[in-house]
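Peer 1: Contents of upload-v6.cif (mmCIF, C-alpha atoms and all ligand atoms):
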```
data_work
loop_
_atom_site.label_atom_id
_atom_site.label_comp_id
_atom_site.auth_asym_id
_atom_site.auth_seq_id
_atom_site.Cartn_x
_atom_site.Cartn_y
_atom_site.Cartn_z
CA MET M 3 91.75 135.11 67.31
CA ALA M 4 95.45 134.52 66.73
CA THR M 5 96.17 133.21 63.29
CA GLY M 6 99.39 132.01 61.74
CA TYR M 7 98.89 128.30 61.38
CA PRO M 8 100.98 126.87 58.63
CA ALA M 9 99.07 124.58 56.34
CA GLY M 10 95.71 125.11 54.73
CA GLY M 11 95.43 128.83 54.22
CA ALA M 12 96.53 130.42 57.46
CA ASP M 13 96.95 133.61 55.45
CA ARG M 14 93.28 133.64 54.49
CA PRO M 15 90.99 135.98 56.38
CA LEU M 16 89.21 134.43 59.33
CA TRP M 17 85.80 134.34 57.66
CA LYS M 18 87.21 132.25 54.83
CA GLN M 19 88.54 129.54 57.14
CA PRO M 20 86.31 126.46 57.62
CA GLU M 21 87.56 125.94 61.21
CA PHE M 22 86.31 129.38 62.17
CA TRP M 23 82.82 128.67 60.87
CA THR M 24 82.81 125.17 62.38
CA THR M 25 83.58 126.71 65.79
CA VAL M 26 80.94 129.42 65.40
CA ALA M 27 78.36 126.89 64.16
CA ALA M 28 79.14 124.41 66.96
CA VAL M 29 78.80 127.12 69.65
CA ALA M 30 75.54 128.37 68.07
CA VAL M 31 73.99 124.89 67.68
CA LEU M 32 74.97 123.85 71.20
CA SER M 33 73.61 127.10 72.67
CA VAL M 34 70.29 126.78 70.83
CA GLY M 35 70.06 123.11 71.89
CA HIS M 36 70.97 124.01 75.46
CA TYR M 37 68.38 126.75 75.78
CA ALA M 38 65.71 124.68 73.99
CA ALA M 39 66.25 121.56 76.14
CA PRO M 40 63.44 120.79 78.61
CA THR M 41 64.30 122.70 81.79
CA HIS M 42 63.32 119.89 84.16
CA ASP M 43 65.52 117.26 82.43
CA PRO M 44 69.12 117.46 83.74
CA PHE M 45 70.36 114.91 81.16
CA TRP M 46 70.21 117.37 78.22
CA HIS M 47 71.71 120.17 80.23
CA ASP M 48 74.64 118.07 81.37
CA LEU M 49 75.17 116.85 77.81
CA PHE M 50 75.20 120.29 76.18
CA ARG M 51 77.30 121.74 78.97
CA ARG M 52 79.99 119.14 78.26
CA LEU M 53 79.70 119.33 74.50
CA TYR M 54 80.77 122.99 74.78
CA TYR M 55 84.33 121.71 75.35
CA LEU M 56 84.50 120.55 71.72
CA PRO M 57 84.42 124.00 70.04
CA ILE M 58 86.73 125.37 72.76
CA ILE M 59 89.30 122.64 72.09
CA LEU M 60 88.89 122.97 68.31
CA ALA M 61 89.47 126.75 68.42
CA ALA M 62 92.41 126.44 70.83
CA PHE M 63 93.94 123.74 68.64
CA ARG M 64 93.46 125.72 65.47
CA TYR M 65 94.09 129.28 66.65
CA GLY M 66 96.25 128.80 69.75
CA LEU M 67 95.88 130.68 73.02
CA GLY M 68 93.90 133.57 71.49
CA GLY M 69 91.38 131.18 69.91
CA GLY M 70 90.99 129.07 73.06
CA LEU M 71 90.52 132.11 75.28
CA VAL M 72 88.04 133.93 73.04
CA THR M 73 85.92 130.81 72.51
CA SER M 74 85.90 129.85 76.18
CA ILE M 75 84.85 133.41 77.13
CA LEU M 76 82.12 133.33 74.47
CA VAL M 77 80.87 129.97 75.69
CA SER M 78 80.93 131.18 79.31
CA LEU M 79 78.91 134.29 78.40
CA LEU M 80 76.35 132.17 76.57
CA PHE M 81 76.23 129.63 79.35
CA LEU M 82 75.91 131.99 82.31
CA PRO M 83 72.34 133.27 81.59
CA HIS M 84 71.22 129.65 81.28
CA VAL M 85 72.62 128.87 84.72
CA LEU M 86 70.82 131.89 86.19
CA MET M 87 67.58 130.92 84.44
CA THR M 88 67.55 127.36 85.71
CA ARG M 89 68.72 128.27 89.22
CA ALA M 90 65.15 128.31 90.62
CA MET M 91 64.14 124.99 89.06
CA LEU M 92 67.31 122.94 89.41
CA PRO M 93 69.29 124.63 92.21
CA ARG M 94 71.80 121.78 92.67
CA GLN M 95 72.59 121.48 88.95
CA ALA M 96 72.86 125.26 88.63
CA SER M 97 75.39 125.62 91.44
CA GLU M 98 77.40 122.72 89.97
CA ALA M 99 77.20 124.29 86.53
CA VAL M 100 78.78 127.55 87.73
CA PHE M 101 82.02 125.65 88.25
CA GLU M 102 82.00 124.75 84.57
CA ILE M 103 82.89 128.33 83.64
CA PRO M 104 86.41 128.38 85.16
CA LEU M 105 86.91 124.94 83.63
CA TYR M 106 86.00 126.25 80.14
CA LEU M 107 88.57 128.99 80.60
CA VAL M 108 91.25 126.62 81.90
CA VAL M 109 90.69 124.15 79.05
CA GLY M 110 90.76 126.98 76.47
CA VAL M 111 93.95 128.51 77.89
CA VAL M 112 95.84 125.25 78.53
CA THR M 113 94.96 123.72 75.15
CA GLY M 114 95.82 127.02 73.46
CA ILE M 115 99.22 127.25 75.17
CA LEU M 116 100.02 123.62 74.39
CA SER M 117 98.99 124.00 70.78
CA ASP M 118 101.04 127.20 70.40
CA ARG M 119 104.03 125.40 71.86
CA GLN M 120 103.54 122.38 69.63
CA ARG M 121 103.21 124.58 66.58
CA LYS M 122 106.44 126.41 67.39
CA ALA M 123 108.26 123.09 67.87
CA ASN M 124 106.88 121.79 64.55
CA GLU M 125 107.89 124.98 62.76
CA SER M 126 111.45 124.89 64.03
CA LEU M 127 111.71 121.18 63.19
CA ARG M 128 110.44 121.80 59.67
CA ARG M 129 112.83 124.74 59.32
CA ALA M 130 115.77 122.67 60.55
CA GLU M 131 114.89 119.86 58.13
CA ARG M 132 114.53 122.28 55.22
CA LEU M 133 117.84 123.91 56.08
CA LYS M 134 119.56 120.55 56.36
CA THR M 135 118.33 119.38 52.94
CA LEU M 136 119.11 122.75 51.41
CA GLY M 137 122.55 122.68 53.04
CA GLU M 138 123.32 119.22 51.67
CA MET M 139 122.20 120.12 48.16
CA ALA M 140 123.95 123.44 48.14
CA ALA M 141 127.16 121.99 49.59
CA GLY M 142 127.28 119.57 46.65
CA MET M 143 126.67 122.42 44.23
CA ALA M 144 129.24 124.65 45.92
CA HIS M 145 131.87 121.97 45.37
CA GLU M 146 131.02 121.85 41.68
CA VAL M 147 131.28 125.64 41.46
CA LYS M 148 134.76 125.74 42.99
CA ASN M 149 136.57 123.97 40.12
CA PRO M 150 135.33 126.24 37.31
CA LEU M 151 136.05 129.22 39.57
CA ALA M 152 139.66 128.16 39.94
CA ALA M 153 139.94 127.82 36.14
CA ILE M 154 138.34 131.25 35.56
CA ARG M 155 140.70 132.83 38.11
CA SER M 156 143.88 131.41 36.65
CA SER M 157 142.79 132.25 33.07
CA ALA M 158 142.00 135.82 34.09
CA GLN M 159 145.36 136.10 35.78
CA ILE M 160 147.14 134.89 32.65
CA LEU M 161 145.11 137.35 30.55
CA ALA M 162 145.99 140.17 32.94
CA GLY M 163 149.65 139.47 32.25
CA HIS M 164 149.14 139.89 28.47
CA VAL M 165 147.06 143.05 28.35
CA THR M 166 147.45 146.62 29.52
CA GLY M 167 145.30 149.64 30.38
CA LYS M 168 141.54 149.17 30.64
CA ASP M 169 141.76 145.49 29.64
CA ALA M 170 144.14 144.77 32.50
CA GLU M 171 141.72 146.56 34.82
CA PHE M 172 138.85 144.33 33.61
CA ALA M 173 140.95 141.20 34.09
CA GLY M 174 141.73 142.42 37.62
CA ILE M 175 137.99 142.85 38.30
CA VAL M 176 137.39 139.24 37.18
CA VAL M 177 140.07 137.98 39.59
CA ALA M 178 138.72 140.08 42.48
CA GLU M 179 135.14 138.96 41.86
CA VAL M 180 136.18 135.31 41.61
CA ASP M 181 137.97 135.71 44.96
CA ARG M 182 134.78 137.12 46.44
CA LEU M 183 132.74 134.21 45.04
CA ASN M 184 135.30 131.78 46.43
CA LYS M 185 134.92 133.35 49.85
CA VAL M 186 131.14 132.94 49.68
CA VAL M 187 131.44 129.31 48.56
CA ASN M 188 134.02 128.45 51.23
CA GLU M 189 132.01 130.09 54.00
CA PHE M 190 128.91 128.35 52.79
CA LEU M 191 130.70 124.98 52.85
CA ASP M 192 131.84 125.73 56.40
CA TYR M 193 128.28 126.47 57.38
CA ALA M 194 126.70 123.50 55.62
CA ARG M 195 129.29 120.92 56.69
CA PRO M 196 130.82 121.72 60.03
CA ALA M 197 134.14 120.05 60.85
CA PRO M 198 134.42 118.09 64.13
CA LEU M 199 136.02 119.95 67.04
CA ARG M 200 139.70 119.36 67.84
CA ARG M 201 140.04 120.57 71.37
CA GLU M 202 143.32 121.51 73.01
CA PRO M 203 144.30 123.78 75.90
CA VAL M 204 144.31 127.35 74.61
CA ARG M 205 144.89 130.75 76.20
CA LEU M 206 142.16 132.86 74.67
CA SER M 207 144.12 136.11 75.04
CA ALA M 208 146.90 134.67 72.86
CA LEU M 209 144.36 133.54 70.28
CA LEU M 210 142.75 136.98 70.28
CA ASP M 211 146.12 138.71 69.94
CA SER M 212 146.92 136.56 66.89
CA CYS M 213 143.54 137.57 65.35
CA LEU M 214 144.25 141.25 66.00
CA LYS M 215 147.66 140.85 64.36
CA LEU M 216 146.06 139.27 61.31
CA LEU M 217 143.53 142.08 61.08
CA ALA M 218 146.09 144.85 61.67
CA PRO M 219 146.01 146.06 58.03
CA VAL M 220 142.20 146.41 58.09
CA ILE M 221 142.34 148.13 61.49
CA ARG M 222 145.01 150.55 60.23
CA GLU M 223 142.78 151.58 57.30
CA LYS M 224 140.48 153.34 59.77
CA ASP M 225 141.07 155.45 62.82
CA VAL M 226 140.21 152.63 65.22
CA ASN M 227 141.68 152.52 68.68
CA VAL M 228 141.93 148.86 69.80
CA LYS M 229 142.17 148.06 73.50
CA THR M 230 142.61 144.63 75.05
CA VAL M 231 141.65 143.69 78.61
CA TYR M 232 142.83 140.25 79.74
CA PRO M 233 142.96 138.54 83.17
CA GLU M 234 146.31 138.77 84.90
CA ALA M 235 146.80 135.03 85.33
CA GLU M 236 144.65 133.55 82.61
CA ALA M 237 143.91 129.82 82.65
CA ALA M 238 143.91 127.82 79.44
CA VAL M 239 140.58 126.47 78.21
CA SER M 240 139.92 123.35 76.19
CA VAL M 241 138.67 124.56 72.80
CA ASP M 242 139.28 124.16 69.07
CA PRO M 243 141.66 127.06 68.32
CA ALA M 244 141.20 126.97 64.54
CA GLN M 245 137.43 127.17 64.74
CA LEU M 246 137.38 129.76 67.53
CA ARG M 247 139.85 131.85 65.55
CA GLN M 248 137.24 132.00 62.80
CA VAL M 249 134.66 133.20 65.36
CA PHE M 250 136.92 135.90 66.81
CA LEU M 251 138.09 137.07 63.38
CA ASN M 252 134.51 137.61 62.33
CA LEU M 253 133.49 139.36 65.54
CA ILE M 254 136.48 141.72 65.47
CA LEU M 255 136.06 142.35 61.76
CA ASN M 256 132.35 143.10 62.25
CA ALA M 257 133.29 145.57 65.00
CA VAL M 258 135.94 147.29 62.87
CA GLN M 259 133.69 147.36 59.79
CA ALA M 260 130.86 148.87 61.86
CA ILE M 261 132.97 151.91 62.71
CA GLU M 262 132.52 154.49 60.00
CA ASN M 263 135.63 156.63 60.34
CA GLN M 264 136.80 156.83 63.86
CA GLY M 265 136.05 154.84 66.99
CA SER M 266 137.18 152.23 69.45
CA VAL M 267 137.08 148.46 69.79
CA GLU M 268 137.67 146.72 73.10
CA VAL M 269 138.51 143.03 73.17
CA SER M 270 138.28 141.47 76.63
CA VAL M 271 138.48 138.11 78.39
CA THR M 272 136.75 137.70 81.75
CA GLU M 273 136.73 134.62 83.92
CA SER M 274 133.95 134.09 86.43
CA GLY M 275 132.98 130.81 88.07
CA HIS M 276 132.77 128.16 85.38
CA GLU M 277 132.42 130.66 82.57
CA THR M 278 134.88 132.47 80.39
CA ARG M 279 133.55 135.44 78.45
CA VAL M 280 135.22 136.92 75.42
CA ALA M 281 133.65 140.25 74.50
CA VAL M 282 134.23 142.44 71.47
CA LYS M 283 132.78 145.88 72.10
CA ASP M 284 132.68 148.61 69.49
CA SER M 285 131.63 152.23 69.41
CA GLY M 286 129.94 151.83 66.03
CA PRO M 287 126.43 152.95 65.10
CA GLY M 288 124.81 149.92 66.75
CA ILE M 289 122.06 147.67 65.39
CA PRO M 290 118.39 148.74 65.46
CA PRO M 291 116.23 146.34 67.54
CA ASP M 292 114.28 145.04 64.50
CA LYS M 293 117.56 144.12 62.77
CA LEU M 294 119.12 142.61 65.89
CA THR M 295 116.79 139.61 65.66
CA ARG M 296 117.99 138.96 62.11
CA VAL M 297 121.78 139.02 62.49
CA PHE M 298 121.98 135.24 63.07
CA GLU M 299 119.95 134.46 59.95
CA PRO M 300 122.08 132.87 57.21
CA PHE M 301 122.76 135.35 54.40
CA TYR M 302 121.50 138.38 56.33
CA THR M 303 123.97 141.14 55.56
CA THR M 304 123.98 144.92 55.24
CA LYS M 305 127.45 145.04 53.69
CA PRO M 306 128.08 145.23 49.94
CA GLY M 307 130.71 142.46 49.95
CA GLY M 308 129.36 140.47 52.94
CA THR M 309 128.05 136.92 52.83
CA GLY M 310 125.92 137.18 55.95
CA LEU M 311 127.34 133.85 57.10
CA GLY M 312 129.87 135.20 59.61
CA LEU M 313 127.54 135.27 62.62
CA PRO M 314 125.58 132.07 61.81
CA ILE M 315 128.88 130.18 61.48
CA ALA M 316 130.21 131.78 64.69
CA GLN M 317 127.01 130.86 66.52
CA ARG M 318 127.21 127.24 65.36
CA ILE M 319 130.87 126.91 66.38
CA VAL M 320 130.25 128.43 69.80
CA ALA M 321 127.19 126.19 70.32
CA GLU M 322 129.32 123.16 69.43
CA HIS M 323 131.68 124.20 72.21
CA GLY M 324 128.68 124.16 74.55
CA GLY M 325 128.70 127.94 74.79
CA ARG M 326 126.56 130.80 73.59
CA LEU M 327 127.04 133.85 71.42
CA GLU M 328 125.27 136.97 72.64
CA ILE M 329 124.90 140.28 70.84
CA GLU M 330 123.82 143.42 72.62
CA SER M 331 123.49 146.68 70.83
CA THR M 332 122.36 150.23 71.52
CA PRO M 333 121.84 152.35 68.42
CA GLY M 334 124.09 155.37 68.57
CA VAL M 335 126.27 153.86 71.31
CA GLY M 336 127.71 150.61 69.97
CA THR M 337 127.57 146.84 69.91
CA THR M 338 129.00 144.11 72.11
CA ALA M 339 129.34 140.57 70.78
CA ALA M 340 130.21 138.10 73.54
CA VAL M 341 131.22 134.46 73.39
CA VAL M 342 130.41 132.78 76.68
CA LEU M 343 132.10 129.43 77.14
CA SER M 344 131.59 127.18 80.10
CA VAL M 345 134.68 125.07 79.78
CA ARG M 346 137.12 123.20 81.92
CA ARG M 347 140.19 125.26 82.65
CA SER M 348 143.68 123.91 82.99
CA ALA M 349 146.44 125.81 84.76
N1 LIG N 401 129.40 145.01 65.50
C1 LIG N 401 128.38 145.24 64.66
N2 LIG N 401 127.87 146.49 64.53
C2 LIG N 401 126.85 146.73 63.68
N3 LIG N 401 126.26 145.79 62.91
C3 LIG N 401 126.73 144.53 63.00
C4 LIG N 401 127.81 144.18 63.87
N4 LIG N 401 128.05 142.85 63.76
C5 LIG N 401 127.16 142.38 62.85
N5 LIG N 401 126.38 143.38 62.39
C6 LIG N 401 125.28 143.26 61.39
O1 LIG N 401 124.99 141.90 61.22
C7 LIG N 401 125.10 141.54 59.84
C8 LIG N 401 125.52 140.09 59.72
O2 LIG N 401 126.84 139.89 60.18
P1 LIG N 401 127.68 138.65 59.65
O3 LIG N 401 128.99 138.68 60.31
O4 LIG N 401 126.85 137.43 59.80
O5 LIG N 401 127.79 138.91 58.09
P2 LIG N 401 128.59 140.07 57.33
O6 LIG N 401 129.60 140.67 58.28
O7 LIG N 401 127.60 141.00 56.73
O8 LIG N 401 129.29 139.27 56.18
P3 LIG N 401 130.69 138.44 56.31
O9 LIG N 401 130.82 138.08 57.77
O10 LIG N 401 130.53 137.31 55.43
O11 LIG N 401 131.75 139.38 55.88
C9 LIG N 401 126.07 142.55 59.28
O12 LIG N 401 125.92 142.72 57.87
C10 LIG N 401 125.70 143.81 60.05
O13 LIG N 401 124.58 144.42 59.48
MG MG N 402 130.87 139.43 59.41
#
```
Give the structure from the file, written as structure tokens.
Peer 2:
Amino acid sequence: MATGYPAGGADRPLWKQPEFWTTVAAVAVLSVGHYAAPTHDPFWHDLFRRLYYLPIILAAFRYGLGGGLVTSILVSLLFLPHVLMTRAMLPRQASEAVFEIPLYLVVGVVTGILSDRQRKANESLRRAERLKTLGEMAAGMAHEVKNPLAAIRSSAQILAGHVTGKDAEFAGIVVAEVDRLNKVVNEFLDYARPAPLRREPVRLSALLDSCLKLLAPVIREKDVNVKTVYPEAEAAVSVDPAQLRQVFLNLILNAVQAIENQGSVEVSVTESGHETRVAVKDSGPGIPPDKLTRVFEPFYTTKPGGTGLGLPIAQRIVAEHGGRLEIESTPGVGTTAAVVLSVRRSA
């Protein structure tokens, strides 16, 4: 049976869960009662036959589709010999009873699917609530951290001006590390408290070019060949340029950082129907499938100085624009991160 229910010891083995034994006991008691009931009395047979729905529903509710299916099959297997046995004595009841078997299966499967769906919805709601509370608390804390950080940074800078040699190097490390902490705190604040969108007509190619210009020093550090592919007559779209800039900067930076020594990055804009697609494609090492599901998790990072907030923030901003952020990756070939916006275009 599928396990994984949240509260009350879902991690415990099956035989230590009271619901499992309740289901087993209910099926056993009902089967014994059913077989022991006087053969000529249809009342008891009808009663037991219907009571079988209770353990099926209980198992489906507790263990989802797997539980519902296994229990309904078990009940059907226990029920079938009884139908065959009573066929000679109560032919009408027996032929009616045969139809109960598909019903057991349907009830087990439908209740199981519904309970799985409900559980998933509850889990994501709980997760969203936890994240929201955590975000609010941490945003307050992050604010408190920023002031001492500013004081530490300026003191270290003053110190750096008064010392030489190794001491100056240490003071420089303090400044660099404070800058890194500041970046984490600022990105976290962005994530926890998103700013409202300020839409205006924007040509995405121009926005992308300005991002590439900003990242030119990082791009130059490696042997990365950057190519841009834009539509000939590109229409402007109504977006928040400051927030989308943050998205594109992170996607391009991720692409450049992914390339170890040498490679290519292609930045493209494609218009089709009501959608505009901005894709950043790199020839980096790619992301293994088991890691691909994690890249949108806050704080998931494989980089020494990374915060792991770049993609979650980008995803939130794109979603606020009514679009979607898609990442496709083939290990050994490369990765494509695409922002798909369905936005009104102006000439
Ligand atoms: N183009 C890419 N190629 C390979 N891996 C990638 C690519 N883009 C993202 N990733 C993986 O996804 C992880 C999360 O990316 P994200 O942008 O959220 O955070 P980060 O880049 O690690 O940190 P930060 O954005 O704060 O600098 C990265 O650490 C990396 O492992
Ligand atoms: Mg990043």
Peer 1: Distance limit 7 Å, reference ligand LIG 401 (chain N), atoms considered: only C-alpha atoms and all ligand atoms. Which residues make the cut? Give them as a PyMOL selection string.
Peer 2: chain M and resi 252-253+256-257+260+284+286-289+297-298+302-305+307-314+336-339
Peer 1: Env of Asp225 in chain M: 8 Å cut, atoms = all atoms listed in the file, seq-sep filter 4 positions within chain, self excluded. Answer as a list in words.
Peer 2: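 Final neighbour list, sorted by chain and number: Ile221, Asn263, Gln264 and Gly265 of chain M.
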Peer 1: Would you export the selected residues with C-alpha atoms as a PDB file, in the frame of the given file, please?
Peer 2:
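Ended up saving to result_27.pdb:
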```
ATOM      1  CA  ILE M 221     142.340 148.130  61.490  1.00  0.00           C
ATOM      2  CA  ASN M 263     135.630 156.630  60.340  1.00  0.00           C
ATOM      3  CA  GLN M 264     136.800 156.830  63.860  1.00  0.00           C
ATOM      4  CA  GLY M 265     136.050 154.840  66.990  1.00  0.00           C
TER       5      GLY M 265
END
```
Peer 1: Could you check which of M:Pro20, M:Pro306, M:Gly66, M:Pro198 is closest to ligand MG 402 (chain N), using all atoms listed in the file?
Peer 2: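 Closest to ligand MG 402 (chain N), using all atoms listed in the file: M:Pro306.
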Peer 1: Residues of range 90-162 of chain M that approach range 50-58 of chain M to 12 Å or less, counting only C-alpha atoms: could you list each one with the shortest pair of atoms and its distance in Å to one decimal, rows by chain and increasing residue number, as a Markdown table?
Peer 2:
```
| residue | atom | partner | partner_atom | distance |
| --- | --- | --- | --- | --- |
| M:Gln95 | CA | M:Arg51 | CA | 11.0 |
| M:Ala96 | CA | M:Arg51 | CA | 11.2 |
| M:Glu98 | CA | M:Arg51 | CA | 11.0 |
| M:Ala99 | CA | M:Arg51 | CA | 8.0 |
| M:Val100 | CA | M:Arg51 | CA | 10.6 |
| M:Phe101 | CA | M:Arg51 | CA | 11.1 |
| M:Glu102 | CA | M:Arg51 | CA | 7.9 |
| M:Ile103 | CA | M:Arg51 | CA | 9.8 |
| M:Leu105 | CA | M:Tyr55 | CA | 9.3 |
| M:Tyr106 | CA | M:Tyr55 | CA | 6.8 |
| M:Leu107 | CA | M:Ile58 | CA | 8.8 |
| M:Val108 | CA | M:Ile58 | CA | 10.3 |
| M:Val109 | CA | M:Ile58 | CA | 7.5 |
| M:Gly110 | CA | M:Ile58 | CA | 5.7 |
| M:Val111 | CA | M:Ile58 | CA | 9.4 |
| M:Val112 | CA | M:Ile58 | CA | 10.8 |
| M:Thr113 | CA | M:Ile58 | CA | 8.7 |
| M:Gly114 | CA | M:Ile58 | CA | 9.3 |
```
Peer 1: Please compute the CA of Arg155 in chain M-CA of Ala140 in chain M distance, one decimal, in Å.
Peer 2: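 Separating CA of Arg155 in chain M from CA of Ala140 in chain M is a distance of 21.7 Å.
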Peer 1: Please produce range 319-333 of chain M, completed to N, CA and C atoms, as a PDB file, in the coordinates of the input.
Peer 2:
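Saved result, rebuild-v2.pdb, follows:
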```pdb
ATOM      1  N   ILE M 319     129.615 127.366  65.773  1.00  0.00           N
ATOM      2  CA  ILE M 319     130.870 126.910  66.380  1.00  0.00           C
ATOM      3  C   ILE M 319     130.818 127.060  67.902  1.00  0.00           C
ATOM      4  N   VAL M 320     130.319 128.201  68.352  1.00  0.00           N
ATOM      5  CA  VAL M 320     130.250 128.430  69.800  1.00  0.00           C
ATOM      6  C   VAL M 320     129.285 127.420  70.436  1.00  0.00           C
ATOM      7  N   ALA M 321     128.163 127.161  69.775  1.00  0.00           N
ATOM      8  CA  ALA M 321     127.190 126.190  70.320  1.00  0.00           C
ATOM      9  C   ALA M 321     127.833 124.807  70.397  1.00  0.00           C
ATOM     10  N   GLU M 322     128.651 124.469  69.389  1.00  0.00           N
ATOM     11  CA  GLU M 322     129.320 123.160  69.430  1.00  0.00           C
ATOM     12  C   GLU M 322     130.285 123.054  70.597  1.00  0.00           C
ATOM     13  N   HIS M 323     130.803 124.192  71.033  1.00  0.00           N
ATOM     14  CA  HIS M 323     131.680 124.200  72.210  1.00  0.00           C
ATOM     15  C   HIS M 323     130.870 124.176  73.501  1.00  0.00           C
ATOM     16  N   GLY M 324     129.538 124.149  73.362  1.00  0.00           N
ATOM     17  CA  GLY M 324     128.680 124.160  74.550  1.00  0.00           C
ATOM     18  C   GLY M 324     128.508 125.560  75.109  1.00  0.00           C
ATOM     19  N   GLY M 325     128.823 126.555  74.303  1.00  0.00           N
ATOM     20  CA  GLY M 325     128.700 127.940  74.790  1.00  0.00           C
ATOM     21  C   GLY M 325     127.595 128.687  74.086  1.00  0.00           C
ATOM     22  N   ARG M 326     127.577 129.994  74.265  1.00  0.00           N
ATOM     23  CA  ARG M 326     126.560 130.800  73.590  1.00  0.00           C
ATOM     24  C   ARG M 326     127.165 132.113  73.081  1.00  0.00           C
ATOM     25  N   LEU M 327     126.576 132.595  72.007  1.00  0.00           N
ATOM     26  CA  LEU M 327     127.040 133.850  71.420  1.00  0.00           C
ATOM     27  C   LEU M 327     125.937 134.885  71.637  1.00  0.00           C
ATOM     28  N   GLU M 328     126.288 135.958  72.327  1.00  0.00           N
ATOM     29  CA  GLU M 328     125.270 136.970  72.640  1.00  0.00           C
ATOM     30  C   GLU M 328     125.639 138.288  71.974  1.00  0.00           C
ATOM     31  N   ILE M 329     124.633 138.963  71.432  1.00  0.00           N
ATOM     32  CA  ILE M 329     124.900 140.280  70.840  1.00  0.00           C
ATOM     33  C   ILE M 329     123.981 141.297  71.506  1.00  0.00           C
ATOM     34  N   GLU M 330     124.596 142.322  72.037  1.00  0.00           N
ATOM     35  CA  GLU M 330     123.820 143.420  72.620  1.00  0.00           C
ATOM     36  C   GLU M 330     124.172 144.677  71.859  1.00  0.00           C
ATOM     37  N   SER M 331     123.176 145.486  71.600  1.00  0.00           N
ATOM     38  CA  SER M 331     123.490 146.680  70.830  1.00  0.00           C
ATOM     39  C   SER M 331     122.577 147.831  71.206  1.00  0.00           C
ATOM     40  N   THR M 332     123.154 149.018  71.286  1.00  0.00           N
ATOM     41  CA  THR M 332     122.360 150.230  71.520  1.00  0.00           C
ATOM     42  C   THR M 332     122.632 151.173  70.371  1.00  0.00           C
ATOM     43  N   PRO M 333     121.612 151.435  69.547  1.00  0.00           N
ATOM     44  CA  PRO M 333     121.840 152.350  68.420  1.00  0.00           C
ATOM     45  C   PRO M 333     122.410 153.684  68.909  1.00  0.00           C
TER      46      PRO M 333
END
```
